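Asker: Please find upload_33.cif (mmCIF, C-alpha atoms and all ligand atoms) on the next line:
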data_my_file
#
loop_
_atom_site.label_atom_id
_atom_site.label_comp_id
_atom_site.auth_asym_id
_atom_site.auth_seq_id
_atom_site.Cartn_x
_atom_site.Cartn_y
_atom_site.Cartn_z
CA MET K 18 141.63 129.64 90.27
CA THR K 19 143.30 133.01 89.70
CA PRO K 20 143.90 135.47 92.58
CA ILE K 21 141.24 137.74 91.07
CA GLN K 22 138.74 134.91 91.09
CA GLU K 23 139.66 134.05 94.65
CA ARG K 24 139.08 137.61 95.76
CA SER K 25 135.75 137.76 94.00
CA VAL K 26 134.62 134.53 95.71
CA LEU K 27 135.71 135.77 99.14
CA SER K 28 133.92 139.09 98.74
CA ALA K 29 130.80 137.28 97.44
CA LEU K 30 130.84 135.11 100.56
CA ASP K 31 131.27 138.16 102.77
CA ARG K 32 128.14 139.79 101.43
CA PHE K 33 125.97 136.68 101.03
CA ARG K 34 123.20 136.48 103.62
CA ILE K 35 120.32 134.05 103.59
CA GLU K 36 117.29 134.21 105.88
CA ILE K 37 115.95 131.13 107.60
CA PRO K 38 112.20 130.81 108.16
CA SER K 39 110.99 130.18 111.70
CA TRP K 40 108.62 127.55 110.31
CA GLY K 41 111.59 125.57 109.00
CA PHE K 42 112.34 124.40 112.55
CA ALA K 43 108.80 123.38 113.51
CA ASN K 44 107.02 120.13 112.72
CA THR K 45 105.39 120.25 109.32
CA GLY K 46 104.02 117.65 107.00
CA THR K 47 101.97 116.96 103.94
CA ARG K 48 98.22 116.88 103.57
CA PHE K 49 98.43 113.15 104.30
CA GLY K 50 100.03 113.48 107.68
CA LYS K 51 102.97 114.53 109.77
CA PHE K 52 105.89 112.59 111.12
CA SER K 53 106.73 114.65 114.12
CA GLN K 54 110.34 114.94 115.19
CA PRO K 55 111.23 114.94 118.87
CA ALA K 56 113.79 117.73 118.34
CA ALA K 57 111.54 120.08 116.34
CA ALA K 58 110.98 123.54 117.78
CA THR K 59 107.67 123.77 119.62
CA ASN K 60 107.60 127.49 120.31
CA ILE K 61 109.14 130.78 119.29
CA ASP K 62 111.92 130.53 121.89
CA GLU K 63 113.09 127.25 120.40
CA LYS K 64 112.84 128.54 116.82
CA PHE K 65 115.07 131.47 117.73
CA SER K 66 117.48 129.18 119.52
CA ASP K 67 117.80 126.87 116.48
CA ALA K 68 118.12 129.77 114.04
CA GLY K 69 120.72 131.44 116.25
CA LEU K 70 122.71 128.23 116.30
CA VAL K 71 122.64 127.91 112.49
CA HIS K 72 123.84 131.50 112.22
CA SER K 73 126.65 130.97 114.70
CA LEU K 74 127.82 127.95 112.70
CA THR K 75 127.52 129.40 109.20
CA GLY K 76 127.86 133.15 109.73
CA ALA K 77 125.36 133.69 106.92
CA CYS K 78 121.94 133.81 108.56
CA PRO K 79 121.64 136.91 110.75
CA THR K 80 117.85 137.17 110.33
CA ILE K 81 114.87 134.87 110.83
CA ALA K 82 111.61 135.17 108.86
CA LEU K 83 108.54 135.32 111.08
CA HIS K 84 104.99 134.21 110.31
CA VAL K 85 102.72 136.59 112.19
CA LEU K 86 100.00 134.19 113.35
CA TRP K 87 102.37 131.34 114.11
CA ASP K 88 105.08 133.34 115.84
CA LEU K 89 103.27 136.37 117.26
CA PRO K 90 99.81 134.99 118.07
CA SER K 91 99.17 137.89 120.46
CA GLY K 92 100.32 140.47 117.92
CA MET K 93 101.88 143.60 119.37
CA ASN K 94 101.85 142.03 122.83
CA ASP K 95 104.49 139.58 121.62
CA ILE K 96 106.93 142.23 120.43
CA HIS K 97 108.79 142.46 123.69
CA ARG K 98 109.30 138.71 123.84
CA VAL K 99 110.50 138.49 120.24
CA THR K 100 112.89 141.42 120.61
CA ALA K 101 114.37 139.86 123.74
CA LEU K 102 114.75 136.52 121.97
CA ALA K 103 116.50 138.18 119.06
CA ALA K 104 119.00 139.84 121.38
CA ARG K 105 119.58 136.65 123.35
CA ASN K 106 120.22 134.54 120.25
CA GLY K 107 122.28 137.00 118.24
CA ILE K 108 119.90 137.22 115.29
CA ALA K 109 117.33 139.80 114.19
CA PRO K 110 113.72 139.43 113.04
CA GLY K 111 113.72 139.25 109.23
CA SER K 112 110.77 139.42 106.88
CA THR K 113 107.29 139.73 108.35
CA ASN K 114 104.83 137.25 106.87
CA PRO K 115 101.12 137.86 107.44
CA ASN K 116 98.94 134.77 107.37
CA LEU K 117 96.05 135.18 104.93
CA PHE K 118 95.22 131.56 104.31
CA GLN K 119 94.64 129.70 107.54
CA ASP K 120 91.47 131.13 109.08
CA GLN K 121 88.05 129.69 108.26
CA GLU K 122 86.79 132.96 106.79
CA TYR K 123 89.37 132.71 103.99
CA LYS K 124 87.58 129.76 102.40
CA HIS K 125 86.82 131.89 99.35
CA GLY K 126 89.85 134.14 99.58
CA SER K 127 91.31 137.03 101.53
CA LEU K 128 91.82 140.29 99.62
CA GLY K 129 89.94 138.67 96.73
CA ASN K 130 87.01 137.39 98.79
CA PRO K 131 83.57 138.31 97.39
CA ASP K 132 82.49 139.22 100.92
CA SER K 133 83.65 142.75 101.71
CA SER K 134 83.85 142.08 105.45
CA VAL K 135 86.38 139.29 104.82
CA ARG K 136 88.38 141.56 102.53
CA GLU K 137 88.43 144.16 105.30
CA HIS K 138 89.47 141.55 107.84
CA ALA K 139 92.36 140.47 105.56
CA LEU K 140 93.46 144.06 105.03
CA GLN K 141 93.30 144.69 108.77
CA HIS K 142 95.58 141.71 109.37
CA ILE K 143 98.06 143.10 106.84
CA LEU K 144 97.94 146.52 108.52
CA ASP K 145 98.44 144.90 111.93
CA SER K 146 101.38 143.00 110.46
CA ILE K 147 102.89 146.26 109.19
CA GLU K 148 102.65 147.64 112.73
CA ILE K 149 104.48 144.53 113.93
CA GLN K 150 107.01 144.92 111.12
CA HIS K 151 107.78 148.44 112.32
CA ALA K 152 108.03 147.43 115.95
CA LEU K 153 110.45 144.65 115.01
CA LYS K 154 112.42 146.90 112.62
CA SER K 155 111.91 144.38 109.86
CA ARG K 156 112.47 145.72 106.36
CA ASP K 157 110.25 143.40 104.32
CA LEU K 158 106.57 142.67 104.50
CA SER K 159 106.29 139.41 102.58
CA LEU K 160 102.88 138.65 101.12
CA TRP K 161 101.65 135.34 99.78
CA PHE K 162 97.98 134.82 99.02
CA ALA K 163 96.29 131.45 98.69
CA ASP K 164 93.41 133.18 96.92
CA GLY K 165 91.88 131.56 93.87
CA SER K 166 89.07 129.27 92.81
CA ASN K 167 88.64 125.61 92.01
CA TYR K 168 86.01 125.64 89.24
CA PRO K 169 85.47 127.62 86.06
CA GLY K 170 82.91 130.37 86.32
CA THR K 171 82.86 130.47 90.11
CA ALA K 172 84.93 133.62 90.58
CA ASN K 173 84.98 136.99 88.87
CA ILE K 174 88.65 137.07 87.94
CA ARG K 175 88.76 140.73 86.86
CA GLN K 176 86.82 141.93 89.87
CA ARG K 177 89.15 140.08 92.21
CA LYS K 178 92.15 141.60 90.45
CA GLN K 179 90.73 145.02 91.23
CA TRP K 180 90.11 144.12 94.90
CA PHE K 181 93.71 142.98 95.15
CA GLU K 182 95.02 146.21 93.66
CA GLU K 183 92.93 148.25 96.07
CA GLY K 184 93.94 146.19 99.10
CA LEU K 185 97.63 146.26 98.29
CA ARG K 186 97.54 149.99 97.59
CA GLN K 187 95.95 150.64 100.97
CA ALA K 188 98.51 148.46 102.72
CA HIS K 189 101.34 150.17 100.85
CA ARG K 190 100.26 153.54 102.27
CA ARG K 191 101.20 152.32 105.73
CA LEU K 192 104.81 151.53 104.78
CA GLN K 193 107.55 153.74 106.11
CA PRO K 194 110.48 154.92 103.99
CA GLY K 195 112.94 152.07 103.57
CA ASP K 196 110.28 149.37 104.06
CA ARG K 197 109.46 147.05 101.22
CA MET K 198 106.41 145.02 100.31
CA LEU K 199 107.20 141.74 98.56
CA VAL K 200 104.52 140.12 96.42
CA GLU K 201 104.89 136.37 95.97
CA TYR K 202 103.22 134.39 93.19
CA LYS K 203 102.29 130.75 92.83
CA PRO K 204 100.53 129.04 89.91
CA PHE K 205 98.36 126.59 91.84
CA GLU K 206 97.75 125.04 95.24
CA PRO K 207 95.66 125.40 97.26
CA ALA K 208 93.52 126.74 94.40
CA PHE K 209 93.35 124.38 91.44
CA TYR K 210 91.53 126.29 88.72
CA HIS K 211 92.70 129.87 88.98
CA THR K 212 95.02 131.59 91.45
CA ASP K 213 94.71 135.36 91.75
CA ILE K 214 98.46 136.05 91.69
CA ALA K 215 99.62 133.10 89.63
CA ASP K 216 102.86 134.18 87.96
CA TRP K 217 105.62 136.77 87.90
CA GLY K 218 103.77 139.00 85.41
CA MET K 219 100.74 139.19 87.68
CA ALA K 220 102.91 139.79 90.73
CA LEU K 221 104.77 142.53 88.83
CA LEU K 222 101.52 144.28 87.90
CA MET K 223 100.28 143.96 91.48
CA ALA K 224 103.50 145.37 92.87
CA GLN K 225 103.36 148.27 90.42
CA ALA K 226 99.75 148.96 91.35
CA ALA K 227 100.59 148.84 95.05
CA GLY K 228 103.31 151.50 95.01
CA SER K 229 106.98 152.25 94.58
CA GLN K 230 108.15 150.20 97.58
CA ALA K 231 106.59 146.98 96.33
CA LYS K 232 108.67 144.32 94.55
CA VAL K 233 108.26 140.75 93.39
CA LEU K 234 109.28 137.71 95.40
CA VAL K 235 110.36 134.62 93.46
CA ASP K 236 109.78 131.25 95.16
CA ILE K 237 111.63 128.63 93.12
CA GLY K 238 108.91 126.01 93.62
CA HIS K 239 106.20 128.31 92.31
CA HIS K 240 106.67 127.74 88.59
CA TYR K 241 105.57 125.29 85.95
CA GLN K 242 108.14 122.67 85.12
CA ALA K 243 109.63 124.04 81.93
CA GLN K 244 109.73 127.69 82.95
CA ASN K 245 113.05 129.45 82.65
CA ILE K 246 113.36 130.88 86.16
CA GLU K 247 116.68 132.63 85.55
CA GLN K 248 115.11 134.56 82.69
CA ILE K 249 112.34 135.74 85.01
CA VAL K 250 115.06 136.78 87.46
CA ALA K 251 116.96 138.65 84.72
CA TRP K 252 113.83 140.49 83.59
CA LEU K 253 112.85 141.47 87.12
CA LEU K 254 116.39 142.72 87.74
CA ALA K 255 116.27 144.76 84.54
CA GLU K 256 113.00 146.30 85.72
CA ASN K 257 114.39 146.91 89.23
CA MET K 258 111.49 144.84 90.53
CA LEU K 259 113.21 141.82 92.07
CA GLY K 260 112.73 142.02 95.82
CA GLY K 261 113.67 138.61 97.08
CA PHE K 262 113.63 134.85 96.88
CA HIS K 263 112.18 131.90 98.63
CA PHE K 264 114.72 129.21 97.94
CA ASN K 265 113.90 125.54 97.80
CA ASP K 266 114.08 122.80 95.19
CA ARG K 267 111.54 120.52 93.64
CA ARG K 268 111.07 117.65 91.27
CA TYR K 269 107.34 117.93 90.61
CA ALA K 270 105.46 120.88 92.07
CA ASP K 271 105.95 123.07 95.16
CA ASP K 272 107.86 120.25 96.86
CA ASP K 273 109.82 122.47 99.29
CA LEU K 274 112.89 120.21 99.08
CA THR K 275 116.41 121.27 100.03
CA LEU K 276 117.95 123.91 97.79
CA GLY K 277 120.13 122.36 95.09
CA SER K 278 119.15 118.80 95.93
CA ILE K 279 117.52 118.23 92.54
CA ASP K 280 118.93 120.86 90.19
CA PRO K 281 121.95 122.76 91.54
CA TYR K 282 122.77 124.09 88.06
CA GLN K 283 119.50 126.01 88.05
CA VAL K 284 120.35 127.73 91.33
CA PHE K 285 123.79 128.51 89.93
CA ARG K 286 122.22 130.03 86.80
CA ILE K 287 119.96 132.21 88.97
CA PHE K 288 122.92 133.40 91.05
CA HIS K 289 124.85 133.99 87.86
CA GLU K 290 122.15 136.29 86.43
CA ILE K 291 122.19 138.26 89.68
CA GLN K 292 125.97 138.62 89.78
CA PHE K 293 126.22 139.39 86.07
CA PHE K 294 123.68 142.16 86.64
CA GLY K 295 125.70 143.42 89.63
CA TRP K 296 128.86 143.48 87.54
CA GLU K 297 127.16 145.57 84.86
CA ALA K 298 125.52 147.87 87.40
CA GLY K 299 128.77 148.39 89.31
CA GLU K 300 127.22 147.31 92.62
CA PRO K 301 125.56 144.14 93.89
CA ALA K 302 121.78 143.89 93.54
CA ASP K 303 119.89 144.49 96.80
CA ILE K 304 117.92 141.27 97.12
CA ALA K 305 116.55 139.41 100.15
CA TYR K 306 117.60 135.76 99.91
CA MET K 307 115.31 133.62 102.00
CA ILE K 308 114.71 129.93 102.44
CA ASP K 309 111.18 128.52 102.27
CA GLN K 310 111.47 124.77 102.76
CA SER K 311 109.53 122.18 104.66
CA HIS K 312 111.67 119.34 105.93
CA ASN K 313 109.20 116.79 107.10
CA LEU K 314 111.62 113.86 106.91
CA LYS K 315 115.10 115.35 107.37
CA GLY K 316 116.23 116.73 110.72
CA LYS K 317 115.34 120.43 110.72
CA ILE K 318 118.63 121.90 111.88
CA GLU K 319 120.75 119.60 109.74
CA ALA K 320 118.61 120.47 106.73
CA ALA K 321 119.03 124.17 107.45
CA ILE K 322 122.81 123.84 107.69
CA GLN K 323 122.93 121.76 104.51
CA THR K 324 120.84 124.38 102.70
CA VAL K 325 122.93 127.35 103.81
CA VAL K 326 126.20 125.62 102.93
CA THR K 327 124.83 124.64 99.51
CA ALA K 328 123.65 128.18 98.88
CA GLN K 329 127.09 129.53 99.79
CA GLU K 330 128.79 127.04 97.46
CA LEU K 331 126.55 127.88 94.53
CA PHE K 332 126.82 131.62 95.14
CA ALA K 333 130.60 131.25 95.28
CA LYS K 334 130.64 129.29 92.02
CA ALA K 335 128.62 132.03 90.34
CA ALA K 336 131.22 134.55 91.56
CA LEU K 337 133.84 132.63 89.56
CA VAL K 338 132.30 133.55 86.22
CA ASP K 339 134.54 135.93 84.32
CA HIS K 340 131.93 138.54 83.38
CA GLY K 341 134.19 140.53 81.09
CA ALA K 342 135.12 137.42 79.09
CA LEU K 343 131.51 136.29 79.03
CA ALA K 344 130.28 139.63 77.69
CA MET K 345 132.89 139.45 74.95
CA LYS K 346 132.01 135.90 73.96
CA GLN K 347 128.34 136.79 73.88
CA ALA K 348 129.03 139.80 71.65
CA GLN K 349 130.99 137.59 69.27
CA ALA K 350 128.27 134.94 69.37
CA ALA K 351 131.01 132.50 70.39
CA LEU K 352 128.44 130.06 71.68
CA VAL K 353 130.64 127.28 72.98
CA ASP K 354 133.09 129.66 74.63
CA ALA K 355 130.30 131.69 76.26
CA GLU K 356 128.63 128.58 77.60
CA GLU K 357 131.98 127.28 78.86
CA CYS K 358 132.36 130.43 81.00
CA LEU K 359 129.39 129.15 83.00
CA ARG K 360 130.27 125.46 82.91
CA GLU K 361 133.83 126.07 83.99
CA ALA K 362 132.69 128.07 87.01
CA PHE K 363 129.97 125.58 87.91
CA SER K 364 132.32 122.61 87.81
CA THR K 365 135.00 124.22 89.98
CA ASP K 366 135.22 122.82 93.48
CA VAL K 367 134.89 125.86 95.74
CA ARG K 368 134.77 123.91 98.99
CA PRO K 369 138.46 124.34 99.90
CA LEU K 370 138.12 128.10 99.46
CA LEU K 371 134.93 128.10 101.52
CA ARG K 372 136.75 126.32 104.33
CA GLU K 373 139.46 128.93 104.14
CA TRP K 374 136.87 131.72 104.26
CA ARG K 375 135.25 130.14 107.35
CA ARG K 376 138.60 129.75 109.07
CA SER K 377 139.52 133.35 108.40
CA ARG K 378 136.14 134.53 109.78
CA ALA K 379 136.50 132.37 112.92
CA LEU K 380 133.58 130.19 111.85
CA ALA K 381 133.21 126.41 112.01
CA GLU K 382 135.23 124.96 109.13
CA ASP K 383 132.69 122.16 108.80
CA PRO K 384 129.39 123.48 110.24
CA MET K 385 127.62 120.10 110.03
CA LYS K 386 130.40 118.29 111.86
CA VAL K 387 130.58 120.92 114.58
CA PHE K 388 126.80 120.79 114.98
CA ARG K 389 126.84 117.00 115.28
CA GLU K 390 129.59 117.10 117.88
CA SER K 391 128.01 119.92 119.87
CA GLY K 392 125.45 117.82 121.76
CA TYR K 393 122.75 120.41 120.92
CA LEU K 394 120.55 117.91 119.10
CA GLU K 395 120.69 115.40 121.95
CA ARG K 396 119.85 118.11 124.44
CA VAL K 397 116.85 119.51 122.57
CA THR K 398 115.63 116.00 121.78
CA ARG K 399 115.45 115.39 125.53
CA GLU K 400 113.93 118.77 126.28
CA ARG K 401 111.36 118.88 123.51
CA GLY K 402 110.54 115.21 123.06
CA GLU K 403 107.54 115.11 125.34
CA ARG K 404 105.99 118.27 123.96
CA ASN K 405 106.43 117.04 120.40
CA ALA K 406 104.76 113.72 121.17
CA VAL K 407 101.50 115.60 121.79
CA ALA K 408 101.98 118.72 119.69
CA VAL K 409 99.58 119.42 116.85
CA THR K 410 101.26 121.65 114.31
CA SER K 411 100.20 123.62 111.33
CA TYR K 412 101.31 122.98 107.79
CA ALA K 413 104.03 125.23 106.44
C1 LIG K 501 103.32 128.89 100.37
C2 LIG K 501 104.31 130.00 100.06
C3 LIG K 501 104.52 130.95 101.19
C4 LIG K 501 104.57 130.28 102.51
C5 LIG K 501 103.42 129.32 102.66
C6 LIG K 501 103.41 128.62 104.01
O1 LIG K 501 103.39 127.88 99.43
O2 LIG K 501 105.53 129.44 99.64
O3 LIG K 501 105.69 131.68 101.01
O4 LIG K 501 104.48 131.27 103.50
O5 LIG K 501 103.50 128.36 101.64
MN MN K 502 107.24 130.83 99.55
MN MN K 503 105.55 127.42 98.49
#
What is this file in structure tokens?
Answerer:
Amino acid sequence: MTPIQERSVLSALDRFRIEIPSWGFANTGTRFGKFSQPAAATNIDEKFSDAGLVHSLTGACPTIALHVLWDLPSGMNDIHRVTALAARNGIAPGSTNPNLFQDQEYKHGSLGNPDSSVREHALQHILDSIEIQHALKSRDLSLWFADGSNYPGTANIRQRKQWFEEGLRQAHRRLQPGDRMLVEYKPFEPAFYHTDIADWGMALLMAQAAGSQAKVLVDIGHHYQAQNIEQIVAWLLAENMLGGFHFNDRRYADDDLTLGSIDPYQVFRIFHEIQFFGWEAGEPADIAYMIDQSHNLKGKIEAAIQTVVTAQELFAKAALVDHGALAMKQAQAALVDAEECLREAFSTDVRPLLREWRRSRALAEDPMKVFRESGYLERVTRERGERNAVAVTSYA
């Protein structure tokens, strides 16, 4: 590794931030059942405590994503509590996630529901969430809709598209300068015939219809198997429409597995497109990196640490790519040499440098080891065990 490469890795690590979701610490499961963990967070205080711990160990997670109904069930009345928790745990509220899929009235959709009173109810929840977003000083309103239909002919696809455009436009009007609205897409599940915002093209059109502060959110698990996700990322960057990510990995569908556990090269390629773009633009792209995983078998905090460390490693590897050399090889159509620019970076072991970076930033050299030796897990297992034995939790 040359000194230039070393510097570029260290500065990449300095600017890399990844947001942890509050729901990543709570008990979750599959539609077949849940294996509850005695140490899982049972309330917002415990979620903040776990997230604060992961940040103190990794130095890369200063914000926590909040799900409005799960984390602020009393809405604006919960602001004071959440703000105090943020201060106490040394982390800030991150993206604000309205919940437009859980309530009974959403059986046939939220903003796309044929019943206008349900559409209004959904819009009202988004507007309430924007008020919460402002009170929490959160930059991003992150929208995912479960809307869709299960059988051909049962939904007016074009009409619903229009309802979505109208709803998003109205919500967008409530944003303040500097806020962003992120529109997430997903091809199927829970809807199995059509989903209203099914892919990046639809999300892009929706974001454009909503207004200038709306961007697209890419969740890795929300693609068909053969899709080239890094190309989608490159196109959204080129259009200045990439707002953020929900990172996870998968083998089959939206599996919500640990980032990089199945295909680390894909994550590397995504990070590469982002850093290559930043190199050309002369400044790093302003993107919200977030985790959206559901660890129903692994320990929640360990899984979070493993994810953050993996993300840092892959981001660091992408910072090793020599962009000038790559651009030249591409221009010459030197295929093998161009490809080797990526392979060389990907196969470099960046862990020693990462340890050095942690040492120099007064962070735990080995976050997992320090966590395991801290006694935190044993303590929360004792404290939360009883509550978790009876707790009924929602899917996330
Ligand atoms: C969805 C999607 C959303 C998340 C919900 C719980 O599949 O990934 O981002 O909020 O799950
Ligand atoms: Mn997601
Ligand atoms: Mn998902």
Asker: Per residue of chain K within 6 Å of ligand MN 502 (chain K), what are the shortest atom pair and its distance in Å to one decimal, counting only C-alpha atoms and all ligand atoms, with rows by chain and residue number, as a Markdown table?
Answerer:
| residue | atom | partner | partner_atom | distance |
| --- | --- | --- | --- | --- |
| K:Asp236 | CA | K:MN502 | MN | 5.1 |
| K:His263 | CA | K:MN502 | MN | 5.1 |
| K:Asp309 | CA | K:MN502 | MN | 5.3 |
Asker: Enumerate residues in contact with ligand MN 503 (chain K): an atom-to-atom distance of at most 12 Å, counting only C-alpha atoms and all ligand atoms. Format the result as an MDAnalysis selection string.
Answerer: chainID K and resid 160:163 201:207 234:240 262:267 270:274 308:311 412:413
Asker: Using 6 Å of padding on each side, determine the axis-aligned box around all atoms of ligand LIG 501 (chain K) present in the file and give its centre and edge lengths in Å to one decimal, as lines of an AutoDock Vina configuration file.
Answerer:
center_x = 104.5
center_y = 129.8
center_z = 101.7
size_x = 14.4
size_y = 15.8
size_z = 16.6
Asker: I'd like the contact shell of K:Thr75 - 9 Å cut-off, all atoms listed in the file, skipping same-chain residues fewer than 3 positions apart - returned as a ChimeraX atom specification.
Answerer: /K:70-72,78,322,325-326,375,380-384
Asker: Can you tell me which residues surround stretch 47-54 of chain K at a distance of at most 8 Å, considering all atoms listed in the file, apart from same-chain residues fewer than 5 positions away, and format the answer as a ChimeraX atom specification?
Answerer: /K:313-314,316,402,405-406,412
Asker: Residues near K:Asn130, anyone? I mean within 12 Å using all atoms listed in the file, not counting same-chain ones fewer than 2 positions away, as a PyMOL selection string.
Answerer: chain K and resi 117-118+122-128+132-140+162-166+171-174+176-181+184+213
Asker: Go ahead and write the selection's residues with C-alpha atoms as a compact mmCIF listing (two decimals), in the coordinates of the input.
Answerer:
# COMPACT_ATOMS: atom_id res chain seq x y z
CA LEU K 117 96.05 135.18 104.93
CA PHE K 118 95.22 131.56 104.31
CA GLU K 122 86.79 132.96 106.79
CA TYR K 123 89.37 132.71 103.99
CA LYS K 124 87.58 129.76 102.40
CA HIS K 125 86.82 131.89 99.35
CA GLY K 126 89.85 134.14 99.58
CA SER K 127 91.31 137.03 101.53
CA LEU K 128 91.82 140.29 99.62
CA ASP K 132 82.49 139.22 100.92
CA SER K 133 83.65 142.75 101.71
CA SER K 134 83.85 142.08 105.45
CA VAL K 135 86.38 139.29 104.82
CA ARG K 136 88.38 141.56 102.53
CA GLU K 137 88.43 144.16 105.30
CA HIS K 138 89.47 141.55 107.84
CA ALA K 139 92.36 140.47 105.56
CA LEU K 140 93.46 144.06 105.03
CA PHE K 162 97.98 134.82 99.02
CA ALA K 163 96.29 131.45 98.69
CA ASP K 164 93.41 133.18 96.92
CA GLY K 165 91.88 131.56 93.87
CA SER K 166 89.07 129.27 92.81
CA THR K 171 82.86 130.47 90.11
CA ALA K 172 84.93 133.62 90.58
CA ASN K 173 84.98 136.99 88.87
CA ILE K 174 88.65 137.07 87.94
CA GLN K 176 86.82 141.93 89.87
CA ARG K 177 89.15 140.08 92.21
CA LYS K 178 92.15 141.60 90.45
CA GLN K 179 90.73 145.02 91.23
CA TRP K 180 90.11 144.12 94.90
CA PHE K 181 93.71 142.98 95.15
CA GLY K 184 93.94 146.19 99.10
CA ASP K 213 94.71 135.36 91.75
Asker: If I take atom CA of K:Arg368 and atom CA of K:His340, how far is one from the other in Å, to one decimal?
Answerer: 21.6 Å
Asker: Residues at most 8 Å from K:Val250, counting all atoms listed in the file, excluding those fewer than 2 positions away in the same chain, as a VMD selection string?
Answerer: chain K and resid 235 246 to 248 252 to 254 259 287 290 to 291
Asker: Quick one: residues within 10 Å of K:Gly111, all atoms listed in the file, excluding same-chain residues fewer than 5 positions away - as a list in words?
Answerer: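 Counting only the stated atoms, we get Glu36, Ile37, Pro38, Ser39, Cys78, Pro79, Thr80, Ile81, Ala82, Leu83, Gln150, Leu153, Lys154, Ser155, Arg156, Asp157, Leu158, Ser159, Ala305 and Met307 of chain K.
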Asker: Generate the output file for the selected residues, C-alpha atoms, as an mmCIF file, keeping the file's coordinate frame.
Answerer:
data_model
loop_
_atom_site.group_PDB
_atom_site.id
_atom_site.type_symbol
_atom_site.label_atom_id
_atom_site.label_comp_id
_atom_site.auth_asym_id
_atom_site.auth_seq_id
_atom_site.Cartn_x
_atom_site.Cartn_y
_atom_site.Cartn_z
ATOM 1 C CA GLU K 36 117.290 134.210 105.880
ATOM 2 C CA ILE K 37 115.950 131.130 107.600
ATOM 3 C CA PRO K 38 112.200 130.810 108.160
ATOM 4 C CA SER K 39 110.990 130.180 111.700
ATOM 5 C CA CYS K 78 121.940 133.810 108.560
ATOM 6 C CA PRO K 79 121.640 136.910 110.750
ATOM 7 C CA THR K 80 117.850 137.170 110.330
ATOM 8 C CA ILE K 81 114.870 134.870 110.830
ATOM 9 C CA ALA K 82 111.610 135.170 108.860
ATOM 10 C CA LEU K 83 108.540 135.320 111.080
ATOM 11 C CA GLN K 150 107.010 144.920 111.120
ATOM 12 C CA LEU K 153 110.450 144.650 115.010
ATOM 13 C CA LYS K 154 112.420 146.900 112.620
ATOM 14 C CA SER K 155 111.910 144.380 109.860
ATOM 15 C CA ARG K 156 112.470 145.720 106.360
ATOM 16 C CA ASP K 157 110.250 143.400 104.320
ATOM 17 C CA LEU K 158 106.570 142.670 104.500
ATOM 18 C CA SER K 159 106.290 139.410 102.580
ATOM 19 C CA ALA K 305 116.550 139.410 100.150
ATOM 20 C CA MET K 307 115.310 133.620 102.000
#
Asker: Go through K:Arg376, K:His84, K:His142, K:Arg24 one by one, measure the shortest atom-to-atom distance of each to ligand LIG 501 (chain K) using all atoms listed in the file, and give the residue with the smallest value.
Answerer: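 So, comparing all the options, the nearest one is K:His84.
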Asker: Between K:Arg105, K:Arg286, K:Lys334, K:Arg399, which one has atoms that come closest to K:Val367, using all atoms listed in the file?
Answerer: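 For K:Val367, the nearest of the candidates is K:Lys334.
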Asker: Enter the distance from atom CA of K:Met18 to atom CA of K:Ala335, in Å, rounded to one decimal.
Answerer: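 Taking atom CA of K:Met18 and atom CA of K:Ala335, their separation equals 13.2 Å.
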Asker: What does the distance between atom CA of K:Gly76 and atom CA of K:Ile35 come to in Å, to one decimal place?
Answerer: 9.8 Å
Asker: So which one's closest to K:Pro194, K:Gln225, K:Gln141, K:Gln230, K:Ser91? Using all atoms listed in the file, please.
Answerer: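 When distances to K:Pro194 are compared using all atoms listed in the file, the smallest one comes from K:Gln230.
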Asker: Which of these residues is nearest to ligand LIG 501 (chain K), using all atoms listed in the file: K:Thr365, K:His151, K:Ala208, K:Ala58?
Answerer: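 Distance minimum relative to ligand LIG 501 (chain K) lands on K:Ala208.
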